[in-house]
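Asks: Data file target-v7.txt (compact mmCIF, C-alpha atoms and all ligand atoms) is appended below.
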```
# COMPACT_ATOMS: atom_id res chain seq x y z
CA MET L 19 160.30 97.86 48.32
CA ARG L 20 160.80 101.48 49.29
CA LYS L 21 157.46 103.24 49.82
CA PRO L 22 157.58 106.63 48.07
CA VAL L 23 157.26 109.81 50.14
CA ILE L 24 155.77 113.04 48.83
CA ALA L 25 156.39 115.88 51.27
CA GLY L 26 155.29 119.51 51.02
CA ASN L 27 157.56 122.10 52.61
CA TRP L 28 155.40 125.17 53.15
CA LYS L 29 158.42 127.27 54.22
CA MET L 30 157.43 130.62 55.82
CA TYR L 31 154.05 130.84 54.12
CA LYS L 32 150.44 130.78 55.38
CA LEU L 33 148.79 132.20 58.46
CA LEU L 34 147.22 129.61 60.75
CA SER L 35 143.80 129.77 59.12
CA GLU L 36 145.33 129.40 55.65
CA ALA L 37 147.42 126.41 56.75
CA VAL L 38 144.31 124.74 58.17
CA ASP L 39 142.28 125.50 55.03
CA THR L 40 144.97 123.98 52.78
CA ALA L 41 145.36 120.88 54.95
CA VAL L 42 141.60 120.33 55.13
CA ALA L 43 141.25 120.82 51.36
CA LEU L 44 144.06 118.33 50.78
CA LYS L 45 142.52 115.51 52.83
CA PRO L 46 139.91 114.24 50.34
CA LEU L 47 142.23 114.87 47.37
CA VAL L 48 144.89 112.46 48.65
CA ALA L 49 142.65 110.06 50.58
CA ASN L 50 143.23 107.27 48.07
CA ALA L 51 146.98 107.76 47.76
CA ASN L 52 148.03 104.46 49.24
CA HIS L 53 151.07 104.23 46.99
CA CYS L 54 153.00 106.83 49.01
CA GLU L 55 153.38 108.59 52.33
CA VAL L 56 152.02 112.14 52.29
CA ILE L 57 153.64 114.75 54.54
CA ILE L 58 153.06 118.48 54.97
CA ALA L 59 155.39 120.85 56.82
CA PRO L 60 153.70 124.05 58.03
CA VAL L 61 155.39 126.70 60.20
CA PHE L 62 155.83 125.91 63.89
CA THR L 63 152.85 127.98 65.03
CA ALA L 64 150.50 125.93 62.83
CA LEU L 65 151.85 122.46 63.63
CA LYS L 66 149.54 121.48 66.46
CA THR L 67 146.35 122.80 64.87
CA VAL L 68 147.14 121.27 61.47
CA ALA L 69 148.14 117.95 63.08
CA ASP L 70 144.82 117.87 64.95
CA ARG L 71 142.89 118.60 61.77
CA VAL L 72 144.54 115.82 59.72
CA GLU L 73 144.50 113.23 62.51
CA GLY L 74 143.03 109.95 61.27
CA SER L 75 143.81 110.79 57.63
CA ASN L 76 146.80 109.60 55.62
CA ILE L 77 148.50 113.00 55.93
CA LYS L 78 151.43 113.27 58.32
CA VAL L 79 152.92 116.48 59.66
CA ALA L 80 156.55 117.59 59.80
CA SER L 81 158.34 120.55 61.30
CA GLN L 82 160.79 122.48 59.12
CA ASN L 83 163.59 122.44 61.70
CA CYS L 84 164.23 121.36 65.28
CA ALA L 85 166.62 121.99 68.14
CA ALA L 86 169.70 119.85 68.62
CA GLN L 87 168.72 118.80 72.13
CA ASN L 88 165.70 117.34 73.89
CA ASP L 89 166.62 118.39 77.44
CA PHE L 90 164.50 121.27 78.63
CA GLY L 91 166.69 124.24 79.39
CA ALA L 92 167.87 127.71 78.60
CA HIS L 93 167.62 127.66 74.79
CA THR L 94 165.57 130.75 74.00
CA GLY L 95 163.78 130.49 70.68
CA GLU L 96 164.54 126.80 70.13
CA ILE L 97 161.97 124.01 69.88
CA ALA L 98 162.97 120.53 71.02
CA PRO L 99 162.14 117.47 68.91
CA VAL L 100 160.16 116.07 71.87
CA MET L 101 157.99 119.20 71.71
CA ILE L 102 157.49 118.76 67.98
CA LYS L 103 156.42 115.18 68.58
CA ASP L 104 154.17 116.39 71.39
CA ALA L 105 152.50 118.77 68.91
CA GLY L 106 151.44 115.79 66.78
CA CYS L 107 154.28 115.63 64.26
CA SER L 108 155.92 112.46 63.03
CA HIS L 109 158.73 114.02 60.97
CA ALA L 110 161.21 116.90 61.09
CA ILE L 111 162.97 118.43 58.09
CA ILE L 112 166.60 119.05 59.02
CA GLY L 113 169.38 120.97 57.28
CA HIS L 114 167.33 122.52 54.49
CA SER L 115 169.63 124.58 52.27
CA GLU L 116 167.86 127.79 53.32
CA ARG L 117 168.76 127.04 56.92
CA ARG L 118 172.33 126.19 55.95
CA GLN L 119 172.64 129.37 53.85
CA PHE L 120 170.91 131.92 56.09
CA TYR L 121 170.48 130.49 59.60
CA GLY L 122 173.77 128.87 60.44
CA ASP L 123 173.03 125.16 60.05
CA THR L 124 176.19 123.15 59.44
CA ASP L 125 176.84 119.48 58.78
CA GLU L 126 177.71 119.17 62.49
CA SER L 127 174.50 120.82 63.72
CA VAL L 128 172.50 118.76 61.22
CA ASN L 129 174.05 115.67 62.75
CA LYS L 130 173.12 116.73 66.30
CA LYS L 131 169.59 117.59 65.22
CA ALA L 132 169.20 114.23 63.46
CA HIS L 133 170.28 112.39 66.62
CA ALA L 134 167.91 114.48 68.75
CA ALA L 135 164.99 114.01 66.35
CA ILE L 136 165.43 110.25 66.29
CA ALA L 137 165.76 110.12 70.09
CA ALA L 138 162.40 111.90 70.29
CA GLY L 139 160.79 109.30 68.03
CA LEU L 140 160.59 111.48 64.93
CA VAL L 141 161.69 110.59 61.42
CA ALA L 142 164.35 113.05 60.25
CA ILE L 143 164.25 114.26 56.67
CA VAL L 144 167.89 115.23 56.20
CA CYS L 145 168.50 117.63 53.31
CA VAL L 146 171.67 117.73 51.24
CA GLY L 147 172.57 119.41 47.97
CA GLU L 148 175.25 121.37 46.17
CA HIS L 149 175.42 124.98 45.01
CA LEU L 150 175.65 125.78 41.30
CA SER L 151 179.35 126.72 41.56
CA GLU L 152 180.07 123.37 43.19
CA ARG L 153 178.31 121.52 40.38
CA GLU L 154 180.04 123.58 37.72
CA SER L 155 183.45 122.92 39.24
CA GLY L 156 182.77 119.18 39.26
CA ASN L 157 182.54 118.92 43.05
CA ALA L 158 178.84 118.08 43.49
CA ASN L 159 179.47 114.45 44.41
CA SER L 160 182.13 115.19 47.00
CA VAL L 161 180.10 118.03 48.55
CA VAL L 162 177.04 115.80 48.96
CA ALA L 163 179.11 112.86 50.25
CA GLY L 164 180.66 115.19 52.86
CA GLN L 165 177.23 116.44 53.95
CA LEU L 166 176.04 112.84 54.33
CA ASN L 167 179.12 111.47 56.06
CA THR L 168 179.07 114.19 58.72
CA GLY L 169 175.28 114.59 58.84
CA LEU L 170 174.62 110.89 59.42
CA ALA L 171 177.69 110.19 61.58
CA GLY L 172 177.12 107.98 64.60
CA LEU L 173 173.65 106.87 63.54
CA THR L 174 173.14 103.14 63.99
CA VAL L 175 171.55 100.79 61.49
CA ALA L 176 168.35 100.97 63.57
CA ASP L 177 168.51 104.80 63.63
CA MET L 178 168.74 104.81 59.85
CA GLU L 179 165.20 103.39 59.65
CA ARG L 180 164.15 106.83 60.91
CA ILE L 181 166.11 108.75 58.28
CA ILE L 182 164.86 110.00 54.94
CA ILE L 183 167.35 111.82 52.72
CA ALA L 184 166.26 114.73 50.53
CA TYR L 185 168.55 115.74 47.68
CA GLU L 186 167.87 119.37 46.84
CA PRO L 187 170.37 120.96 44.47
CA VAL L 188 170.43 124.58 45.62
CA TRP L 189 170.39 125.86 42.03
CA ALA L 190 167.03 124.13 41.44
CA ILE L 191 165.19 125.49 44.50
CA GLY L 192 162.56 128.08 43.66
CA THR L 193 164.24 128.80 40.33
CA GLY L 194 162.00 126.82 38.02
CA LYS L 195 165.16 124.92 36.99
CA THR L 196 164.65 121.25 37.78
CA ALA L 197 167.51 118.81 37.68
CA THR L 198 166.92 116.56 34.71
CA PRO L 199 165.66 113.10 35.66
CA GLU L 200 169.11 111.82 34.63
CA GLN L 201 170.92 114.32 36.88
CA ALA L 202 168.64 113.40 39.78
CA GLN L 203 169.16 109.68 39.19
CA GLU L 204 172.93 110.08 38.99
CA MET L 205 173.11 111.93 42.30
CA HIS L 206 170.58 109.66 44.04
CA SER L 207 172.63 106.66 43.02
CA HIS L 208 175.76 108.37 44.35
CA ILE L 209 173.92 109.09 47.62
CA ARG L 210 172.90 105.43 47.92
CA GLN L 211 176.50 104.34 47.34
CA THR L 212 177.70 106.81 49.97
CA VAL L 213 175.20 105.41 52.49
CA ALA L 214 176.24 101.86 51.55
CA ALA L 215 179.85 102.75 52.35
CA SER L 216 178.95 104.29 55.73
CA HIS L 217 176.06 102.06 56.87
CA GLY L 218 176.07 98.98 54.64
CA ASN L 219 174.12 97.76 51.64
CA GLU L 220 170.93 96.85 53.50
CA VAL L 221 170.53 100.34 54.92
CA ALA L 222 171.36 101.88 51.54
CA ASP L 223 168.77 99.72 49.77
CA ALA L 224 166.08 100.66 52.27
CA VAL L 225 166.66 104.39 52.72
CA ARG L 226 164.25 106.68 50.86
CA ILE L 227 165.91 109.44 48.83
CA LEU L 228 163.62 112.32 47.83
CA TYR L 229 164.33 114.85 45.12
CA GLY L 230 163.56 118.52 45.74
CA GLY L 231 163.86 121.59 43.53
CA SER L 232 161.07 122.93 41.31
CA VAL L 233 159.03 119.73 41.43
CA LYS L 234 155.70 120.40 39.69
CA PRO L 235 152.68 118.33 38.62
CA ASP L 236 154.11 118.10 35.10
CA ASN L 237 157.59 116.79 36.00
CA ILE L 238 156.89 114.50 38.97
CA ALA L 239 156.14 111.38 36.92
CA THR L 240 159.42 111.42 34.99
CA LEU L 241 161.38 112.10 38.16
CA MET L 242 159.60 109.21 39.91
CA SER L 243 160.37 106.89 37.00
CA GLN L 244 164.05 106.98 37.97
CA PRO L 245 165.04 103.89 39.97
CA ASP L 246 166.69 105.75 42.86
CA VAL L 247 164.16 108.57 43.17
CA ASP L 248 161.84 107.56 46.01
CA GLY L 249 159.76 110.69 46.29
CA ALA L 250 159.84 114.46 46.37
CA LEU L 251 160.23 117.38 48.75
CA VAL L 252 158.07 120.05 47.17
CA GLY L 253 158.18 123.77 47.92
CA GLY L 254 156.13 126.22 45.85
CA ALA L 255 153.88 123.62 44.22
CA SER L 256 152.85 122.25 47.63
CA LEU L 257 151.21 125.49 48.75
CA GLU L 258 147.97 124.90 46.84
CA ALA L 259 146.03 121.75 47.71
CA ASP L 260 145.16 121.02 44.06
CA SER L 261 148.69 121.20 42.74
CA PHE L 262 150.19 119.28 45.68
CA ALA L 263 147.48 116.62 45.29
CA SER L 264 148.31 116.16 41.63
CA ILE L 265 151.95 115.65 42.59
CA VAL L 266 150.93 113.11 45.26
CA ASN L 267 148.69 111.36 42.70
CA TYR L 268 151.43 111.18 40.08
CA LYS L 269 150.61 107.56 39.29
P1 LIG B 301 160.63 124.57 45.24
O1 LIG B 301 159.81 123.34 44.97
O2 LIG B 301 159.81 125.81 45.42
O3 LIG B 301 161.74 124.73 44.24
O4 LIG B 301 161.33 124.35 46.68
C1 LIG B 301 162.01 123.17 46.90
C2 LIG B 301 162.33 123.08 48.35
O5 LIG B 301 163.15 123.83 48.86
C3 LIG B 301 161.60 122.11 49.16
O6 LIG B 301 162.18 121.95 50.41
```
What is this file in structure tokens?
Ligand code: 13P

Replies:
Amino acid sequence: MRKPVIAGNWKMYKLLSEAVDTAVALKPLVANANHCEVIIAPVFTALKTVADRVEGSNIKVASQNCAAQNDFGAHTGEIAPVMIKDAGCSHAIIGHSERRQFYGDTDESVNKKAHAAIAAGLVAIVCVGEHLSERESGNANSVVAGQLNTGLAGLTVADMERIIIAYEPVWAIGTGKTATPEQAQEMHSHIRQTVAASHGNEVADAVRILYGGSVKPDNIATLMSQPDVDGALVGGASLEADSFASIVNYK
């Protein structure tokens, strides 16, 4: 059985005090959520403080990016996965579409970052997803398969236990347009088949595939009812403790 994962990506929102307030408010609201893993991803400057404040609860902390190497060195502005782990995180989001679109992430850099994150003992949440034009031209499946085949290249079967895949169609992010549960299911099933082809059926059956893109308290249950949807990566609706908690408590 794949344990669902509900992750909140706070993007570039919240000063430190606001991040702490939200995390502290969230704790009692999700304390009984044993049916899923709960993850929040604040900005880098809030990671350590937030991780300290949720320690001992069922909330885990993720970074929103990481460097592609763990060796200390001359990489101004980069933050190594070992440092993210050292700050109290268990997960790192990698290859979010906003980083691919605006900050130069490529399938190749995503692959290096995934290797580095796993080497540091983190779980990598690897994001994939097509643009609207790619969907409209009938290329969504091949785009996502390409992102996966390069992004997960060279990872062993054991490494894949530390991979979560997040399918986030770019046209559904922050737009209020959610993929229909059928569209999500169709792509998640395609993703699972792609992983089966690259890493075998056992890995494909075990890997969690999250949906992201305008997930809200009122659409989470139908998305989660799809057989290949194993959770959600939530943006806007994760910023308030109440709304994120009602997504976590979708059952
Ligand atoms: P929204 O939920 O705001 O559409 O953002 C989705 C997302 O990008 C999560 O990583």

Asks: Mind listing the residues within 7 Å of ligand LIG 301 (chain B), all atoms listed in the file counted, as a ChimeraX atom specification?

Replies: /L:27,114,186,190-194,230-233,251-255

Asks: Just to confirm, what's the straight-line distance from atom CA of Val38 of chain L to atom CA of Tyr121 of chain L in Å (one decimal)?

Replies: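 Straight-line distance from atom CA of Val38 of chain L to atom CA of Tyr121 of chain L works out to 26.8 Å.
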
Asks: List as a list of chain:residue names the protein and nucleic acid residues near segment 172-175 of chain L, meaning an atom at most 9 Å away when only C-alpha atoms are counted, but skip any in the same chain fewer than 4 places from it.

Replies: L:Asn129, L:Ala132, L:His133, L:Thr168, L:Glu179, L:His217, L:Gly218, L:Glu220, L:Val221

Asks: Using all atoms listed in the file, which of L:Asp104, L:Glu36, L:Glu148, L:Glu154 sits nearest Arg118 of chain L?

Replies: L:Glu148

Asks: Determine the nearest neighbour of Ala202 of chain L from the options L:Ala176, L:Met242, L:Leu44, L:Ile181, counting all atoms listed in the file.

Replies: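 Among the listed residues, the smallest separation from Ala202 of chain L belongs to L:Met242.
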
Asks: Restricting the calculation to only C-alpha atoms: of L:Gly91, L:Gly139, L:Gly169, L:Gly249, which residue gets closest to Ala110 of chain L?

Replies: L:Gly139

Asks: I'd like the interatomic distance between atom CA of Ile97 of chain L and atom CA of Gln165 of chain L, to a tenth of an Å.

Replies: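 Distance reported for this atom pair: 23.3 Å.
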
Asks: Provide segment 199-222 of chain L rebuilt to N, CA, C and O atoms, formatted as a tab-separated table (two decimals), in the coordinates of the input.

Replies:
```tsv
chain	number	residue	atom	x	y	z
L	199	PRO	N	165.81	114.41	35.00
L	199	PRO	CA	165.66	113.10	35.66
L	199	PRO	C	166.99	112.34	35.69
L	199	PRO	O	167.30	111.67	36.68
L	200	GLU	N	167.82	112.52	34.67
L	200	GLU	CA	169.11	111.82	34.63
L	200	GLU	C	170.06	112.39	35.69
L	200	GLU	O	170.77	111.63	36.36
L	201	GLN	N	170.06	113.72	35.84
L	201	GLN	CA	170.92	114.32	36.88
L	201	GLN	C	170.47	113.87	38.26
L	201	GLN	O	171.29	113.58	39.13
L	202	ALA	N	169.15	113.83	38.47
L	202	ALA	CA	168.64	113.40	39.78
L	202	ALA	C	169.04	111.95	40.02
L	202	ALA	O	169.57	111.62	41.09
L	203	GLN	N	168.82	111.10	39.04
L	203	GLN	CA	169.16	109.68	39.19
L	203	GLN	C	170.64	109.49	39.52
L	203	GLN	O	171.00	108.71	40.40
L	204	GLU	N	171.48	110.22	38.79
L	204	GLU	CA	172.93	110.08	38.99
L	204	GLU	C	173.30	110.43	40.43
L	204	GLU	O	174.06	109.70	41.08
L	205	MET	N	172.76	111.53	40.93
L	205	MET	CA	173.11	111.93	42.30
L	205	MET	C	172.46	110.99	43.33
L	205	MET	O	173.08	110.65	44.34
L	206	HIS	N	171.23	110.57	43.07
L	206	HIS	CA	170.58	109.66	44.04
L	206	HIS	C	171.35	108.35	44.13
L	206	HIS	O	171.50	107.78	45.22
L	207	SER	N	171.85	107.89	43.00
L	207	SER	CA	172.63	106.66	43.02
L	207	SER	C	173.94	106.87	43.79
L	207	SER	O	174.36	106.01	44.58
L	208	HIS	N	174.55	108.03	43.60
L	208	HIS	CA	175.76	108.37	44.35
L	208	HIS	C	175.46	108.44	45.86
L	208	HIS	O	176.25	107.95	46.68
L	209	ILE	N	174.31	109.01	46.20
L	209	ILE	CA	173.92	109.09	47.62
L	209	ILE	C	173.75	107.68	48.20
L	209	ILE	O	174.23	107.37	49.29
L	210	ARG	N	173.11	106.80	47.43
L	210	ARG	CA	172.90	105.43	47.92
L	210	ARG	C	174.24	104.73	48.11
L	210	ARG	O	174.45	104.02	49.09
L	211	GLN	N	175.17	104.96	47.19
L	211	GLN	CA	176.50	104.34	47.34
L	211	GLN	C	177.23	104.90	48.56
L	211	GLN	O	177.94	104.17	49.26
L	212	THR	N	177.05	106.19	48.80
L	212	THR	CA	177.70	106.81	49.97
L	212	THR	C	177.14	106.22	51.26
L	212	THR	O	177.89	105.91	52.20
L	213	VAL	N	175.82	106.02	51.30
L	213	VAL	CA	175.20	105.41	52.49
L	213	VAL	C	175.63	103.95	52.61
L	213	VAL	O	175.86	103.44	53.72
L	214	ALA	N	175.79	103.26	51.49
L	214	ALA	CA	176.24	101.86	51.55
L	214	ALA	C	177.64	101.81	52.17
L	214	ALA	O	177.93	100.93	53.00
L	215	ALA	N	178.48	102.75	51.81
L	215	ALA	CA	179.85	102.75	52.35
L	215	ALA	C	179.85	103.05	53.84
L	215	ALA	O	180.66	102.50	54.60
L	216	SER	N	178.93	103.92	54.30
L	216	SER	CA	178.95	104.29	55.73
L	216	SER	C	178.10	103.34	56.58
L	216	SER	O	178.44	103.08	57.73
L	217	HIS	N	177.00	102.83	56.04
L	217	HIS	CA	176.06	102.06	56.87
L	217	HIS	C	175.71	100.68	56.31
L	217	HIS	O	174.89	99.99	56.89
L	218	GLY	N	176.30	100.31	55.19
L	218	GLY	CA	176.07	98.98	54.64
L	218	GLY	C	174.98	98.96	53.57
L	218	GLY	O	174.15	99.87	53.48
L	219	ASN	N	175.01	97.87	52.80
L	219	ASN	CA	174.12	97.76	51.64
L	219	ASN	C	172.64	97.69	52.01
L	219	ASN	O	171.79	98.23	51.31
L	220	GLU	N	172.36	97.01	53.13
L	220	GLU	CA	170.93	96.85	53.50
L	220	GLU	C	170.29	98.19	53.82
L	220	GLU	O	169.17	98.48	53.40
L	221	VAL	N	171.03	99.01	54.58
L	221	VAL	CA	170.53	100.34	54.92
L	221	VAL	C	170.37	101.16	53.64
L	221	VAL	O	169.36	101.84	53.42
L	222	ALA	N	171.38	101.08	52.78
L	222	ALA	CA	171.36	101.88	51.54
L	222	ALA	C	170.18	101.48	50.65
L	222	ALA	O	169.53	102.34	50.04
```
